[in-house]
>>> print(open('data_30.tsv').read())   # TSV, C-alpha atoms and all ligand atoms
chain	number	residue	atom	x	y	z
W	1258	MET	CA	3.86	37.20	-49.35
W	1259	SER	CA	2.24	40.49	-48.32
W	1260	THR	CA	4.38	43.58	-48.59
W	1261	LEU	CA	1.81	45.86	-47.01
W	1262	SER	CA	3.28	45.88	-43.52
W	1263	LEU	CA	6.93	45.89	-44.57
W	1264	PRO	CA	8.81	49.17	-45.02
W	1265	SER	CA	10.09	49.91	-48.51
W	1266	VAL	CA	13.86	49.67	-48.79
W	1267	VAL	CA	16.27	51.78	-50.83
W	1268	VAL	CA	19.82	50.46	-51.23
W	1269	ILE	CA	22.36	53.03	-52.46
W	1270	GLY	CA	25.45	51.58	-54.16
W	1271	ALA	CA	24.89	48.53	-56.39
W	1272	GLY	CA	28.30	46.89	-56.14
W	1273	THR	CA	29.47	43.71	-54.42
W	1274	MET	CA	27.32	44.38	-51.34
W	1275	GLY	CA	24.46	46.54	-52.56
W	1276	HIS	CA	23.10	44.02	-55.03
W	1277	GLY	CA	23.12	41.29	-52.38
W	1278	ILE	CA	21.42	43.46	-49.75
W	1279	ALA	CA	18.76	44.47	-52.29
W	1280	GLN	CA	18.26	40.82	-53.19
W	1281	VAL	CA	17.72	39.54	-49.64
W	1282	ALA	CA	15.38	42.45	-48.86
W	1283	ALA	CA	13.31	41.70	-51.99
W	1284	VAL	CA	13.21	37.99	-51.16
W	1285	ALA	CA	11.98	38.88	-47.66
W	1286	GLY	CA	9.04	40.78	-49.19
W	1287	HIS	CA	10.18	44.40	-49.12
W	1288	ALA	CA	9.66	46.62	-52.15
W	1289	VAL	CA	13.26	47.53	-53.00
W	1290	THR	CA	14.90	50.22	-55.11
W	1291	LEU	CA	18.59	49.79	-55.91
W	1292	VAL	CA	20.37	53.06	-56.70
W	1293	ASP	CA	23.78	53.65	-58.25
W	1294	ALA	CA	25.56	56.60	-59.78
W	1295	SER	CA	26.70	54.28	-62.59
W	1296	PRO	CA	24.08	52.87	-65.00
W	1297	ALA	CA	26.53	50.08	-65.93
W	1298	ALA	CA	26.80	49.08	-62.25
W	1299	LEU	CA	22.99	48.90	-62.03
W	1300	GLU	CA	22.85	46.68	-65.10
W	1301	ARG	CA	25.54	44.36	-63.67
W	1302	ALA	CA	23.76	44.29	-60.30
W	1303	VAL	CA	20.42	43.23	-61.78
W	1304	ALA	CA	22.17	40.48	-63.76
W	1305	LYS	CA	23.97	39.25	-60.62
W	1306	VAL	CA	20.75	39.20	-58.59
W	1307	GLY	CA	19.15	37.16	-61.38
W	1308	GLN	CA	22.03	34.68	-61.42
W	1309	SER	CA	22.00	34.37	-57.64
W	1310	LEU	CA	18.23	33.78	-57.51
W	1311	ASP	CA	18.55	31.16	-60.27
W	1312	LYS	CA	21.31	29.40	-58.32
W	1313	LEU	CA	19.30	29.42	-55.09
W	1314	VAL	CA	16.30	27.94	-56.93
W	1315	GLU	CA	18.51	25.34	-58.65
W	1316	LYS	CA	19.89	24.30	-55.26
W	1317	GLY	CA	16.45	24.08	-53.67
W	1318	LYS	CA	17.16	26.91	-51.24
W	1319	LEU	CA	14.41	29.13	-52.66
W	1320	GLY	CA	11.14	28.38	-54.42
W	1321	ALA	CA	10.66	29.49	-58.02
W	1322	GLU	CA	7.65	31.60	-57.02
W	1323	ALA	CA	9.57	33.33	-54.24
W	1324	ALA	CA	12.35	34.13	-56.70
W	1325	ALA	CA	9.85	35.52	-59.22
W	1326	GLY	CA	8.28	37.63	-56.46
W	1327	ALA	CA	11.68	39.01	-55.48
W	1328	ARG	CA	12.44	39.97	-59.10
W	1329	ALA	CA	9.10	41.76	-59.33
W	1330	ARG	CA	9.74	43.69	-56.10
W	1331	LEU	CA	13.19	44.93	-57.15
W	1332	GLY	CA	13.49	48.16	-59.11
W	1333	VAL	CA	16.45	50.35	-60.00
W	1334	ALA	CA	17.00	54.11	-60.13
W	1335	ALA	CA	19.83	56.48	-60.96
W	1336	GLY	CA	18.77	59.41	-58.77
W	1337	VAL	CA	19.15	59.29	-54.98
W	1338	GLU	CA	16.65	62.03	-54.08
W	1339	ASP	CA	13.70	60.62	-56.04
W	1340	ALA	CA	14.41	57.07	-54.87
W	1341	VAL	CA	14.50	57.86	-51.14
W	1342	ALA	CA	11.47	60.19	-51.17
W	1343	GLY	CA	9.13	57.43	-49.97
W	1344	ALA	CA	11.64	55.14	-48.24
W	1345	GLY	CA	11.05	53.35	-44.95
W	1346	ILE	CA	14.63	52.09	-44.70
W	1347	VAL	CA	17.70	53.34	-46.57
W	1348	VAL	CA	20.85	51.20	-46.67
W	1349	GLU	CA	24.01	52.88	-47.95
W	1350	ALA	CA	26.60	50.62	-49.62
W	1351	ILE	CA	28.92	53.01	-51.50
W	1352	PRO	CA	32.74	52.76	-51.19
W	1353	GLU	CA	34.54	52.90	-47.85
W	1354	ASN	CA	35.23	56.65	-47.84
W	1355	LEU	CA	33.99	58.76	-44.92
W	1356	GLU	CA	33.65	62.00	-46.87
W	1357	TRP	CA	31.66	60.31	-49.66
W	1358	LYS	CA	29.37	58.65	-47.13
W	1359	LYS	CA	28.79	61.89	-45.20
W	1360	ALA	CA	27.96	63.76	-48.40
W	1361	LEU	CA	25.50	61.04	-49.40
W	1362	PHE	CA	23.84	60.94	-45.97
W	1363	ALA	CA	23.33	64.73	-46.08
W	1364	ARG	CA	21.53	64.33	-49.43
W	1365	VAL	CA	19.46	61.40	-48.16
W	1366	ASP	CA	18.56	63.34	-45.00
W	1367	ALA	CA	17.20	66.21	-47.08
W	1368	ALA	CA	15.08	63.99	-49.34
W	1369	ALA	CA	13.92	60.98	-47.26
W	1370	PRO	CA	10.88	60.98	-44.94
W	1371	SER	CA	11.89	62.14	-41.44
W	1372	GLY	CA	10.85	58.75	-40.02
W	1373	ALA	CA	13.05	56.64	-42.32
W	1374	LEU	CA	15.74	54.48	-40.74
W	1375	LEU	CA	19.14	55.30	-42.25
W	1376	GLY	CA	21.64	52.40	-42.27
W	1377	THR	CA	25.24	52.25	-43.42
W	1378	ASN	CA	27.00	49.07	-44.51
W	1379	THR	CA	30.44	50.49	-43.68
W	1380	SER	CA	33.01	47.83	-42.72
W	1381	SER	CA	34.98	49.97	-40.32
W	1382	LEU	CA	34.19	53.70	-40.35
W	1383	SER	CA	32.66	55.55	-37.39
W	1384	ILE	CA	28.86	55.36	-37.50
W	1385	GLY	CA	28.78	58.42	-35.22
W	1386	ALA	CA	30.85	60.41	-37.74
W	1387	ILE	CA	28.51	59.41	-40.58
W	1388	ALA	CA	25.46	60.18	-38.41
W	1389	ALA	CA	26.83	63.68	-37.74
W	1390	ALA	CA	26.04	64.51	-41.38
W	1391	VAL	CA	22.27	64.36	-40.77
W	1392	ARG	CA	19.97	66.58	-38.70
W	1393	ASP	CA	18.72	63.71	-36.50
W	1394	PRO	CA	21.64	61.32	-35.88
W	1395	SER	CA	19.43	59.12	-33.69
W	1396	ARG	CA	17.99	57.44	-36.80
W	1397	VAL	CA	21.38	56.44	-38.24
W	1398	ILE	CA	22.73	52.95	-37.49
W	1399	GLY	CA	25.36	50.51	-38.75
W	1400	LEU	CA	23.85	47.63	-40.76
W	1401	HIS	CA	26.96	45.59	-41.59
W	1402	PHE	CA	26.13	42.71	-43.93
W	1403	PHE	CA	28.58	40.02	-45.09
W	1404	ASN	CA	29.66	38.88	-48.52
W	1405	PRO	CA	28.05	37.02	-50.25
W	1406	VAL	CA	24.95	38.50	-48.61
W	1407	PRO	CA	22.44	35.79	-49.68
W	1408	LEU	CA	24.62	33.07	-48.10
W	1409	MET	CA	25.99	34.78	-44.99
W	1410	SER	CA	23.80	34.68	-41.90
W	1411	LEU	CA	25.35	37.50	-39.83
W	1412	LEU	CA	24.16	41.10	-39.56
W	1413	GLU	CA	26.34	43.27	-37.33
W	1414	VAL	CA	24.17	46.08	-35.97
W	1415	VAL	CA	26.51	48.88	-34.92
W	1416	VAL	CA	25.24	51.37	-32.35
W	1417	HIS	CA	26.75	54.80	-31.77
W	1418	ASP	CA	26.15	56.88	-28.65
W	1419	ALA	CA	23.28	58.95	-30.08
W	1420	VAL	CA	21.26	56.14	-31.71
W	1421	SER	CA	17.64	55.86	-30.54
W	1422	ASP	CA	16.12	52.73	-29.00
W	1423	ASP	CA	13.55	52.86	-31.80
W	1424	ALA	CA	16.22	52.80	-34.53
W	1425	ARG	CA	17.98	49.91	-32.82
W	1426	ALA	CA	14.73	47.94	-32.49
W	1427	ARG	CA	13.82	48.59	-36.14
W	1428	ALA	CA	17.29	47.54	-37.31
W	1429	LEU	CA	17.06	44.28	-35.36
W	1430	ALA	CA	13.54	43.60	-36.71
W	1431	PHE	CA	14.73	44.33	-40.27
W	1432	GLY	CA	17.67	41.92	-39.88
W	1433	ALA	CA	15.50	39.19	-38.39
W	1434	GLY	CA	13.00	39.61	-41.23
W	1435	LEU	CA	15.81	39.03	-43.73
W	1436	GLY	CA	16.65	35.80	-41.92
W	1437	LYS	CA	19.88	37.20	-40.48
W	1438	GLU	CA	21.29	36.51	-37.05
W	1439	CYS	CA	22.01	39.90	-35.48
W	1440	ILE	CA	24.73	40.91	-33.07
W	1441	VAL	CA	24.86	44.37	-31.49
W	1442	VAL	CA	28.29	45.96	-31.44
W	1443	ARG	CA	29.58	49.31	-30.15
W	1444	ASP	CA	30.79	51.89	-32.63
W	1445	LEU	CA	34.54	51.30	-32.32
W	1446	PRO	CA	36.83	51.02	-35.38
W	1447	GLY	CA	36.31	47.74	-37.26
W	1448	PHE	CA	33.50	46.66	-34.89
W	1449	ALA	CA	33.62	42.95	-33.93
W	1450	THR	CA	34.31	41.52	-37.39
W	1451	SER	CA	36.62	43.67	-39.53
W	1452	ARG	CA	39.04	44.27	-36.64
W	1453	LEU	CA	39.77	40.53	-36.49
W	1454	GLY	CA	39.26	39.57	-40.14
W	1455	VAL	CA	41.37	42.36	-41.61
W	1456	ALA	CA	44.25	41.71	-39.18
W	1457	LEU	CA	44.42	38.16	-40.55
W	1458	GLY	CA	44.15	39.32	-44.16
W	1459	MET	CA	46.94	41.91	-43.86
W	1460	GLU	CA	49.29	39.43	-42.18
W	1461	ALA	CA	48.62	36.83	-44.88
W	1462	ILE	CA	49.67	39.37	-47.55
W	1463	ARG	CA	52.86	40.18	-45.62
W	1464	MET	CA	53.54	36.43	-45.55
W	1465	VAL	CA	53.28	36.30	-49.37
W	1466	GLU	CA	55.74	39.24	-49.49
W	1467	ASP	CA	58.09	37.37	-47.13
W	1468	GLY	CA	57.90	34.25	-49.30
W	1469	VAL	CA	56.61	32.07	-46.44
W	1470	ALA	CA	54.58	29.99	-48.94
W	1471	SER	CA	52.44	30.50	-52.05
W	1472	ALA	CA	49.09	32.25	-51.73
W	1473	GLU	CA	47.39	28.90	-52.37
W	1474	ASP	CA	49.34	27.19	-49.57
W	1475	ILE	CA	48.85	30.01	-47.06
W	1476	ASP	CA	45.11	29.71	-47.74
W	1477	LYS	CA	45.29	25.94	-47.46
W	1478	ALA	CA	46.98	26.35	-44.07
W	1479	MET	CA	43.95	28.17	-42.69
W	1480	VAL	CA	41.34	26.05	-44.49
W	1481	LEU	CA	42.77	22.68	-43.48
W	1482	GLY	CA	44.62	23.68	-40.32
W	1483	TYR	CA	42.03	26.02	-38.82
W	1484	ARG	CA	38.87	24.98	-40.68
W	1485	HIS	CA	38.22	28.42	-42.14
W	1486	PRO	CA	35.74	28.11	-45.05
W	1487	VAL	CA	38.14	29.99	-47.35
W	1488	GLY	CA	41.69	31.21	-46.77
W	1489	PRO	CA	42.51	34.88	-46.01
W	1490	LEU	CA	43.94	35.64	-49.47
W	1491	ARG	CA	41.02	34.15	-51.37
W	1492	LEU	CA	38.72	36.06	-49.03
W	1493	THR	CA	40.64	39.29	-49.72
W	1494	ASP	CA	40.00	38.63	-53.44
W	1495	MET	CA	36.29	38.09	-52.75
W	1496	VAL	CA	35.95	41.26	-50.67
W	1497	GLY	CA	38.01	43.41	-53.07
W	1498	LEU	CA	41.62	44.50	-52.47
W	1499	ASP	CA	40.57	48.16	-52.81
W	1500	VAL	CA	37.89	47.71	-50.15
W	1501	ARG	CA	40.29	46.01	-47.71
W	1502	LEU	CA	42.99	48.61	-48.42
W	1503	ALA	CA	40.61	51.39	-47.36
W	1504	ILE	CA	39.58	49.46	-44.24
W	1505	GLY	CA	43.23	48.73	-43.33
W	1506	GLU	CA	44.23	52.38	-43.70
W	1507	HIS	CA	41.35	53.49	-41.49
W	1508	LEU	CA	42.05	50.87	-38.80
W	1509	ALA	CA	45.81	51.59	-38.77
W	1510	ALA	CA	45.07	55.29	-38.30
W	1511	THR	CA	42.33	54.98	-35.69
W	1512	LEU	CA	43.59	52.02	-33.65
W	1513	GLY	CA	47.26	53.05	-33.97
W	1514	ASN	CA	48.14	49.42	-34.63
W	1515	PRO	CA	50.69	48.83	-37.42
W	1516	ALA	CA	49.31	45.30	-37.93
W	1517	PHE	CA	46.56	46.97	-39.99
W	1518	THR	CA	48.92	48.97	-42.22
W	1519	PRO	CA	48.30	47.80	-45.78
W	1520	PRO	CA	51.37	45.94	-47.13
W	1521	ARG	CA	53.33	47.26	-50.13
W	1522	LEU	CA	52.20	44.31	-52.29
W	1523	MET	CA	48.55	45.19	-51.64
W	1524	ARG	CA	49.08	48.83	-52.70
W	1525	GLU	CA	50.88	47.72	-55.84
W	1526	MET	CA	48.13	45.28	-56.77
W	1527	VAL	CA	45.40	47.90	-56.27
W	1528	ALA	CA	47.38	50.46	-58.31
W	1529	ALA	CA	47.63	47.84	-61.09
W	1530	GLY	CA	43.87	47.27	-61.02
W	1531	GLN	CA	44.21	43.79	-59.50
W	1532	LEU	CA	41.21	44.14	-57.19
W	1533	GLY	CA	40.34	40.44	-56.89
W	1534	GLN	CA	37.16	38.69	-58.01
W	1535	LYS	CA	35.47	41.84	-59.32
W	1536	SER	CA	38.36	42.73	-61.68
W	1537	GLY	CA	39.14	39.12	-62.64
W	1538	GLN	CA	42.56	39.02	-60.95
W	1539	GLY	CA	43.93	39.31	-57.44
W	1540	PHE	CA	45.86	36.63	-55.60
W	1541	TYR	CA	43.91	34.26	-57.89
W	1542	LEU	CA	42.61	34.40	-61.45
W	1543	TRP	CA	38.77	34.50	-61.43
W	1601	LIG	N1	24.10	33.57	-54.44
W	1601	LIG	C1	23.77	32.28	-54.66
W	1601	LIG	N2	24.70	31.30	-54.74
W	1601	LIG	C2	25.99	31.68	-54.57
W	1601	LIG	C3	26.38	33.00	-54.33
W	1601	LIG	C4	25.37	33.98	-54.28
W	1601	LIG	N3	25.65	35.26	-54.05
W	1601	LIG	N4	27.73	33.04	-54.22
W	1601	LIG	C5	28.17	31.80	-54.37
W	1601	LIG	N5	27.13	30.97	-54.59
W	1601	LIG	C6	27.16	29.55	-54.85
W	1601	LIG	C7	28.31	29.16	-55.74
W	1601	LIG	O1	27.96	29.37	-57.08
W	1601	LIG	C8	28.49	27.70	-55.41
W	1601	LIG	O2	27.58	26.96	-56.20
W	1601	LIG	P1	27.94	25.46	-56.73
W	1601	LIG	O3	28.01	24.62	-55.50
W	1601	LIG	O4	26.78	25.11	-57.60
W	1601	LIG	O5	29.24	25.59	-57.46
W	1601	LIG	C9	28.06	27.67	-53.96
W	1601	LIG	O6	27.39	28.87	-53.64
W	1601	LIG	C10	29.26	27.60	-53.07
W	1601	LIG	O7	28.98	26.54	-52.38
W	1601	LIG	P2	30.09	25.80	-51.55
W	1601	LIG	O8	29.53	24.46	-51.28
W	1601	LIG	O9	31.43	25.94	-52.18
W	1601	LIG	O10	30.23	26.60	-50.30
W	1601	LIG	P3	29.20	26.80	-49.15
W	1601	LIG	O11	27.81	26.94	-49.67
W	1601	LIG	O12	29.46	25.79	-48.12
W	1601	LIG	O13	29.70	28.20	-48.63
W	1601	LIG	C11	30.26	30.40	-48.55
W	1601	LIG	C12	29.80	29.29	-49.45
W	1601	LIG	C13	29.23	30.62	-47.46
W	1601	LIG	C14	30.38	31.68	-49.36
W	1601	LIG	C15	31.63	29.99	-47.94
W	1601	LIG	O14	32.56	29.81	-48.98
W	1601	LIG	C16	32.15	30.98	-46.99
W	1601	LIG	O15	31.77	31.04	-45.83
W	1601	LIG	N6	33.09	31.83	-47.42
W	1601	LIG	C17	33.65	32.85	-46.59
W	1601	LIG	C18	32.80	34.06	-46.71
W	1601	LIG	C19	33.24	35.14	-45.77
W	1601	LIG	O16	34.09	35.01	-44.91
W	1601	LIG	N7	32.60	36.31	-45.92
W	1601	LIG	C20	32.93	37.47	-45.14
W	1601	LIG	C21	33.78	38.41	-45.96
W	1601	LIG	S1	34.22	39.84	-45.04
W	1601	LIG	C22	32.84	40.78	-45.12
W	1601	LIG	O17	31.88	40.50	-45.78
W	1601	LIG	C23	32.82	42.00	-44.28
W	1601	LIG	C24	33.51	43.20	-44.78
W	1601	LIG	O18	33.21	44.26	-44.23
W	1601	LIG	C25	34.52	43.21	-45.84
W	1602	LIG	P1	31.77	48.35	-54.65
W	1602	LIG	O1	32.93	49.18	-55.07
W	1602	LIG	O2	31.62	46.96	-55.15
W	1602	LIG	O3	30.40	49.13	-55.01
W	1602	LIG	C1	30.17	50.46	-54.67
W	1602	LIG	C2	29.13	51.04	-55.63
W	1602	LIG	O4	28.75	52.33	-55.19
W	1602	LIG	C3	29.64	51.20	-57.07
W	1602	LIG	O5	28.77	50.52	-57.97
W	1602	LIG	C4	29.62	52.72	-57.31
W	1602	LIG	O6	29.25	53.06	-58.65
W	1602	LIG	C5	28.55	53.17	-56.32
W	1602	LIG	N1	28.64	54.55	-55.87
W	1602	LIG	C6	29.74	55.23	-55.51
W	1602	LIG	N2	29.40	56.46	-55.06
W	1602	LIG	C7	28.04	56.55	-55.16
W	1602	LIG	C8	27.09	57.55	-54.85
W	1602	LIG	N3	27.46	58.71	-54.30
W	1602	LIG	N4	25.78	57.31	-55.09
W	1602	LIG	C9	25.38	56.13	-55.61
W	1602	LIG	N5	26.25	55.14	-55.92
W	1602	LIG	C10	27.56	55.34	-55.68
W	1602	LIG	O7	31.78	48.38	-53.05
W	1602	LIG	P2	31.35	47.20	-52.03
W	1602	LIG	O8	32.45	46.20	-51.96
W	1602	LIG	O9	29.96	46.80	-52.32
W	1602	LIG	O10	31.41	48.01	-50.65
W	1602	LIG	C11	30.39	48.93	-50.29
W	1602	LIG	C12	30.45	49.19	-48.80
W	1602	LIG	O11	30.21	47.95	-48.12
W	1602	LIG	C13	31.80	49.70	-48.28
W	1602	LIG	O12	31.57	50.56	-47.21
W	1602	LIG	C14	32.48	48.41	-47.82
W	1602	LIG	O13	33.46	48.65	-46.84
W	1602	LIG	C15	31.30	47.65	-47.25
W	1602	LIG	N6	31.42	46.19	-47.22
W	1602	LIG	C16	32.06	45.52	-48.24
W	1602	LIG	C17	32.12	44.13	-48.20
W	1602	LIG	C18	32.77	43.33	-49.30
W	1602	LIG	O14	33.00	42.13	-49.11
W	1602	LIG	N7	33.08	43.91	-50.45
W	1602	LIG	C19	31.52	43.44	-47.12
W	1602	LIG	C20	30.86	44.15	-46.13
W	1602	LIG	C21	30.82	45.55	-46.17
>>> encode(input="data_30.tsv", output="structure tokens")
Amino acid sequence: MSTLSLPSVVVIGAGTMGHGIAQVAAVAGHAVTLVDASPAALERAVAKVGQSLDKLVEKGKLGAEAAAGARARLGVAAGVEDAVAGAGIVVEAIPENLEWKKALFARVDAAAPSGALLGTNTSSLSIGAIAAAVRDPSRVIGLHFFNPVPLMSLLEVVVHDAVSDDARARALAFGAGLGKECIVVRDLPGFATSRLGVALGMEAIRMVEDGVASAEDIDKAMVLGYRHPVGPLRLTDMVGLDVRLAIGEHLAATLGNPAFTPPRLMREMVAAGQLGQKSGQGFYLW
């Protein structure tokens, strides 16, 4: 696969989402640099990409050569400024905290080429507020991927009022090149996905608190009764309780809807380090 015509991609934040976004971009032929403030996170991310590529090859979903090519195209770096200096597309995937994201975008803005497309993988935060941290907000756009990125076909492209037609077109072309089906959504809290998905997740946790049924049976209710691929509590474990807590707090505050207020049990679990799959324990043992 030729990489000559494809923009180079820098993914910042190598956690649950960043490693998957870097992987699919590398598989699609982009030269990719994955950046994280934590060297340990980078090491874990590279190992997870390797395991995922192996699994896709084992299942016949990816050729061995394509996987080898993706590995060769993926590099890592600890420093944001050096990594973005030659970037065509930057995708931010650091934690769901507006101030952290704004601070990072200001740094990226100062160091990246002026023509680079700047995407954020935020689940719920205002793209316009993040874009306000850079000199030219028209090049900032929401690129909301889904977990696990290599298996999930949706890319939610979130457009704020000041985004340019060029940025929107480049975001859609990038998504299509990664094999994703894109939807375009207005920049309102929680977009089209988190606003619905998190409402279900929060209510499921309140149902555990109320003793309606066990976590396993509440999940089974939605898997067998509604044909969801996984139940809302297992999904909360997969996403990360800390991630969903931050989204819930933001949606409760911005939409003024108490349905999004994180339940007491969720706060207690996060305080105890029970973050779900990534910490080994949440509603399930992983
Ligand atoms: N790469 C490669 N393989 C992977 C993988 C990855 N990243 N993650 C899991 N797999 C593998 C598993 O190892 C497993 O392999 P085996 O069959 O060999 O055990 C396989 O995929 C799972 O296969 P299944 O047959 O069980 O399931 P499936 O392929 O039919 O579907 C799924 C898997 C697509 C993840 C499905 O379980 C699903 O749709 N889950 C719900 C995911 C979801 O809702 N995601 C959205 C979360 S919310 C979000 O992302 C937004 C936000 O802002 C928080
Ligand atoms: P995570 O906690 O798994 O990973 C975040 C990574 O960012 C960590 O490795 C951390 O070391 C790194 N980091 C923090 N600050 C940094 C900085 N300034 N510079 C470089 N690296 C930094 O988080 P995640 O679950 O991957 O979520 C990332 C973003 O994606 C959030 O906005 C979240 O809402 C969104 N999102 C998450 C999911 C999900 O299922 N977890 C799905 C879609 C979108």
>>> residues_around(input="data_30.tsv", residues="segment 1350-1367 of chain W", least_positions_apart="2", cutoff="8 Å", atoms="all atoms listed in the file", output="list in words")
Val1268, Ile1269, Gly1270, Ala1271, Gly1272, Met1274, Gly1275, Val1337, Glu1338, Val1341, Val1348, Ala1369, Ser1371, Thr1377, Asn1378, Thr1379, Ser1380, Leu1382, Ala1386, Ile1387, Ala1388, Ala1389, Ala1390, Val1391, Arg1392, Val1500, Ala1503 and Ile1504 of chain W
>>> write_last_selection(input="data_30.tsv", atoms="C-alpha atoms", output="short mmCIF file (atom, residue, chain, number, x, y, z; two decimals), in the coordinates of the input")
data_model
loop_
_atom_site.label_atom_id
_atom_site.label_comp_id
_atom_site.auth_asym_id
_atom_site.auth_seq_id
_atom_site.Cartn_x
_atom_site.Cartn_y
_atom_site.Cartn_z
CA VAL W 1268 19.82 50.46 -51.23
CA ILE W 1269 22.36 53.03 -52.46
CA GLY W 1270 25.45 51.58 -54.16
CA ALA W 1271 24.89 48.53 -56.39
CA GLY W 1272 28.30 46.89 -56.14
CA MET W 1274 27.32 44.38 -51.34
CA GLY W 1275 24.46 46.54 -52.56
CA VAL W 1337 19.15 59.29 -54.98
CA GLU W 1338 16.65 62.03 -54.08
CA VAL W 1341 14.50 57.86 -51.14
CA VAL W 1348 20.85 51.20 -46.67
CA ALA W 1369 13.92 60.98 -47.26
CA SER W 1371 11.89 62.14 -41.44
CA THR W 1377 25.24 52.25 -43.42
CA ASN W 1378 27.00 49.07 -44.51
CA THR W 1379 30.44 50.49 -43.68
CA SER W 1380 33.01 47.83 -42.72
CA LEU W 1382 34.19 53.70 -40.35
CA ALA W 1386 30.85 60.41 -37.74
CA ILE W 1387 28.51 59.41 -40.58
CA ALA W 1388 25.46 60.18 -38.41
CA ALA W 1389 26.83 63.68 -37.74
CA ALA W 1390 26.04 64.51 -41.38
CA VAL W 1391 22.27 64.36 -40.77
CA ARG W 1392 19.97 66.58 -38.70
CA VAL W 1500 37.89 47.71 -50.15
CA ALA W 1503 40.61 51.39 -47.36
CA ILE W 1504 39.58 49.46 -44.24
#
>>> residues_near_ligand(input="data_30.tsv", ligand="ligand LIG 1601 (chain W)", cutoff="9 Å", atoms="all atoms listed in the file", output="JSON, numbers by chain")
{"W": [1274, 1277, 1305, 1306, 1308, 1309, 1310, 1311, 1312, 1313, 1314, 1315, 1316, 1378, 1379, 1380, 1381, 1401, 1402, 1403, 1404, 1405, 1406, 1407, 1408, 1409, 1410, 1447, 1450, 1451, 1454, 1455, 1485, 1486, 1487, 1488, 1489, 1491, 1492, 1493, 1495, 1496, 1497, 1500, 1501, 1504]}
>>> atom_distance(input="data_30.tsv", atom1="atom CA of Leu1374 of chain W", atom2="atom CA of Gly1336 of chain W")
18.9 Å
>>> closest_residue(input="data_30.tsv", among="W:Val1266, W:Glu1300, W:Ala1430, W:Ala1324", to="Glu1349 of chain W", atoms="only C-alpha atoms")
W:Val1266
>>> atom_distance(input="data_30.tsv", atom1="atom CA of Gly1539 of chain W", atom2="atom CA of Glu1473 of chain W")
12.1 Å
>>> residues_around(input="data_30.tsv", residues="segment 1462-1472 of chain W", least_positions_apart="5", cutoff="7 Å", atoms="all atoms listed in the file", output="ChimeraX atom specification")
/W:1490,1520,1522,1540
>>> closest_residue(input="data_30.tsv", among="W:Ala1285, W:Ala1297, W:Leu1457, W:Met1526", to="ligand LIG 1602 (chain W)", atoms="all atoms listed in the file")
W:Ala1297
>>> residues_around(input="data_30.tsv", residues="Ala1424 of chain W", least_positions_apart="4", cutoff="8 Å", atoms="only C-alpha atoms", output="list in words")
Leu1374, Ser1395, Arg1396, Val1397, Ile1398, Val1420 and Ala1428 of chain W
>>> residues_near_point(input="data_30.tsv", point="(15.1, 42.8, -42.9)", cutoff="12 Å", atoms="all atoms listed in the file", output="number ranges by chain")
W: 1263-1266, 1278-1289, 1345-1348, 1374, 1376, 1400, 1402, 1410-1412, 1414, 1426-1439
>>> closest_residue(input="data_30.tsv", among="W:Ala1516, W:Ala1329, W:Leu1481, W:Ile1440", to="Ala1461 of chain W", atoms="only C-alpha atoms")
W:Ala1516
>>> closest_residue(input="data_30.tsv", among="W:Leu1319, W:Val1267, W:Ala1335, W:Val1442", to="ligand LIG 1602 (chain W)", atoms="only C-alpha atoms and all ligand atoms")
W:Ala1335
>>> axis_aligned_box(input="data_30.tsv", around="ligand LIG 1602 (chain W)", padding_each_side="4 Å", output="JSON")
{"center_x": 29.4, "center_y": 50.4, "center_z": -52.4, "size_x": 16.1, "size_y": 24.6, "size_z": 20.5}
>>> atom_distance(input="data_30.tsv", atom1="atom O3 of ligand LIG 1602 (chain W)", atom2="atom CA of Asp1293 of chain W")
8.6 Å
>>> closest_residue(input="data_30.tsv", among="W:Ser1262, W:Ala1368, W:Glu1322, W:Thr1273", to="Ser1536 of chain W", atoms="only C-alpha atoms")
W:Thr1273
>>> closest_residue(input="data_30.tsv", among="W:Ser1295, W:Ser1421, W:Thr1511, W:Thr1290", to="ligand LIG 1602 (chain W)", atoms="only C-alpha atoms and all ligand atoms")
W:Ser1295
